[in-house]
Amino acid sequence: MSDDEHLRRFLACRDAGDEAGARAAWEALLTAEWPRIKGIVDVQEALFTRDERDEALSIAAGKLWKGMITSFRGTSKGEWVNAVRRCVWFAAQQVQRDAAKRKAREELGLGDDEGAGWRYDKFAREQEKAAATDFVAWAVPQIPDERQRHVVRQTLEGASSDEIMAELGISRDNLYKLRQRGHEALAKLKEQWDA
Amino acid sequence: MSTIDRLFSDFVDAWNRGDDPRVEACLARAQPGERDALRALLADWLAVAPTPALSPPAARAVAADPILRAAVAATGRDAGAWPELLPRLRERTGLSIRAVAERITGVFGLRGQEERAAARLEQMERGELDASRVSRRLLDALGTVLGVPGDELAEAGTLRFLPAVAPAALFRADGEPLRALAEDLAELAAAAAAPAPPPMDELDRLFLGGPSA
């Protein structure tokens with residue numbers, strides 16, 4: 001049976017409210033498409049360990065089933081593959097996020113009480129803010145063009161466009177060009193920073 | 001032909017032969033600097049590839065994949081994926097059921113009820129508790145102990161098939177009311193007159209009182 005036929009059979013049973021038929025068709029569809037689903041999980045760059053990969057696969061299968069029985073309205077293989085990719089992507093993000101939270105909580109020695117989640121979120125926000133501050137301090141001085149560097153620095157410090165134009169004696173068009181190029185240079189530096 | 005072209009072609013050939021080739025093995029054979037390019041090629045292929053007609057050994061291996069089997073089984077249970085998920089998460093933390101029960105009772109101020117809590121947690125792990133009866137407060141606390149958000153535990157527990165509900169027909173009876181309706185009303189009246197069950201204590205409310213308990 002082709003993939004389209006598996007999908008059609010599942011949808012027909014689902015829409016008829018036939019639970020046994022839908023589950024049997026789902027098993028056939030999932031089994032037939034398992035190599036593709038595994039493959040799409042395995043091409044995700046974000047997953048590092050075997051446990052994370054298996055966890056993402058389980059979560060993706062659950063999300064896929066839930067989406068298929070509640071909201072999937074497609075009828076073609078392309079739509080099915082898109083649904084698979086979306087579920088896998090969400091599952092991979094979820095697994096990564098949970099792993100990062102566990103690590104942070106271990107490092108912080110947070111307990112199990114109901115405030116632990118809030119304390120972690122506050123810690124994460126502070127970490128993100130600190131990381132952004134570190135990056136700006138490192139990157140802005142490295143923007144090669146002096147005027148672009150000045151515009152970016154002033155912008156990050158909260159200066160308005162009018163203030164920067166007046167200070168440098170330049171037109172609005174010129175300011176926008178300098179700002180855009182300065183931020184392009186910043187984006188390239190961010191790639192280096194992340195690496 | 002470049003290395004990644006050859007690796008990609010080998011993968012496609014193996015896919016079309018029904019060998020169920022492994023993406024990770026294919027990526028491992030590429031030079032580190034070429035992996036992202038190969039990853040992109042494989043991702044594009046998987047989006048359009050025909051469903052493979054698997055060779056008999058590959059088909060047997062896929063059909064026996066424990067993650068696939070668990071995913072299928074989860075759709076037919078009131079506990080969804082909990083019987084696979086909860087023991088796995090607990091093992092990752094290195095905690096016994098008793099230790100998890102101690103933490104849960106500690107969170108809710110139910111010291112002294114660790115044994116009952118452990119028995120309920122065992123039921124959850126065996127899939128013997130209906131996920132729709134477990135309170136969100138408990139799932140949030142359990143999630144904190146197990147290192148995942150309570151939302152994710154709730155989502156994993158609710159995988160039952162929900163048939164599309166047709167809108168109810170609205171009508172007004174012109175003649176005698178339906179006998180079935182009269183019987184339903186009689187049953188409701190009998191149920192209303194029956195003595196109420198004993199009230200649940202806090203621990204039972206957490207495990208059996210429903211999502212908002």
# chains A, B, ... in the order shown; residues from 1 in each chain; ligands from 1
>>> residues_around(residues="Asp51 of chain A", least_positions_apart="3", cutoff="12 Å", atoms="only C-alpha atoms", output="count of residues only")
15
>>> interface_residues(of="chain A", to="chain B", cutoff="8 Å", atoms="only C-alpha atoms", output="short mmCIF file (atom, residue, chain, number, x, y, z; two decimals) with C-alpha atoms, in the first residue's frame")
data_model
loop_
_atom_site.label_atom_id
_atom_site.label_comp_id
_atom_site.auth_asym_id
_atom_site.auth_seq_id
_atom_site.Cartn_x
_atom_site.Cartn_y
_atom_site.Cartn_z
CA SER A 2 1.40 3.45 -0.87
CA ASP A 3 1.97 6.20 1.67
CA ARG A 14 -10.72 9.20 11.90
CA ASP A 15 -13.48 11.19 10.27
CA ALA A 16 -15.93 8.30 10.68
CA GLY A 17 -15.13 8.19 14.43
CA ASP A 18 -13.87 4.62 14.04
CA GLU A 19 -11.27 4.39 16.82
CA ARG A 23 -5.58 3.13 15.34
CA TRP A 26 -2.23 4.80 12.23
CA GLU A 27 -0.03 1.82 13.11
CA LEU A 30 3.54 5.06 11.30
CA THR A 31 5.33 1.78 10.54
CA ALA A 32 5.52 2.54 6.82
CA GLU A 33 6.82 6.03 7.48
CA TRP A 34 9.06 5.19 10.44
CA PRO A 35 12.29 5.29 8.37
CA ARG A 36 11.38 8.80 7.24
CA GLY A 39 15.59 10.18 9.41
CA ILE A 40 13.98 13.56 10.01
CA ASP A 42 18.37 12.28 12.97
CA VAL A 43 19.05 15.22 10.65
CA ASP A 54 15.01 8.61 21.39
CA LEU A 57 11.32 10.45 18.56
CA SER A 58 8.79 9.46 21.25
CA ILE A 59 7.60 13.02 21.74
CA ALA A 61 5.25 10.44 17.56
CA GLY A 62 2.89 11.58 20.33
CA TRP A 65 -0.75 11.40 16.58
CA LYS A 66 -2.41 14.18 18.54
CA ILE A 69 -6.52 13.08 15.25
CA THR A 70 -7.45 16.65 16.12
CA GLY A 78 3.58 16.56 1.14
CA VAL A 81 5.72 15.21 5.60
CA ASN A 82 5.31 18.85 6.62
CA ASP A 98 14.40 20.55 29.03
CA LYS A 101 16.86 23.57 32.24
CA ARG A 102 17.88 20.39 34.05
CA ASP A 112 11.70 20.62 43.99
CA ASP A 113 9.38 23.18 45.54
CA GLU A 114 6.84 25.03 43.47
CA ALA A 116 11.89 26.33 41.59
CA GLY A 117 10.54 26.88 38.08
#
>>> atom_distance(atom1="atom CA of Glu52 of chain A", atom2="atom CA of Gly127 of chain B")
23.1 Å
>>> atom_distance(atom1="atom CA of Glu122 of chain B", atom2="atom CA of Arg205 of chain B")
16.5 Å
>>> closest_residue(among="A:Ala60, A:Ala137, A:Ala83, A:Val151", to="Leu178 of chain A", atoms="only C-alpha atoms")
A:Val151
>>> residues_around(residues="Ala154 of chain B", least_positions_apart="5", cutoff="8 Å", atoms="only C-alpha atoms", output="ChimeraX atom specification")
/B:131,136,139
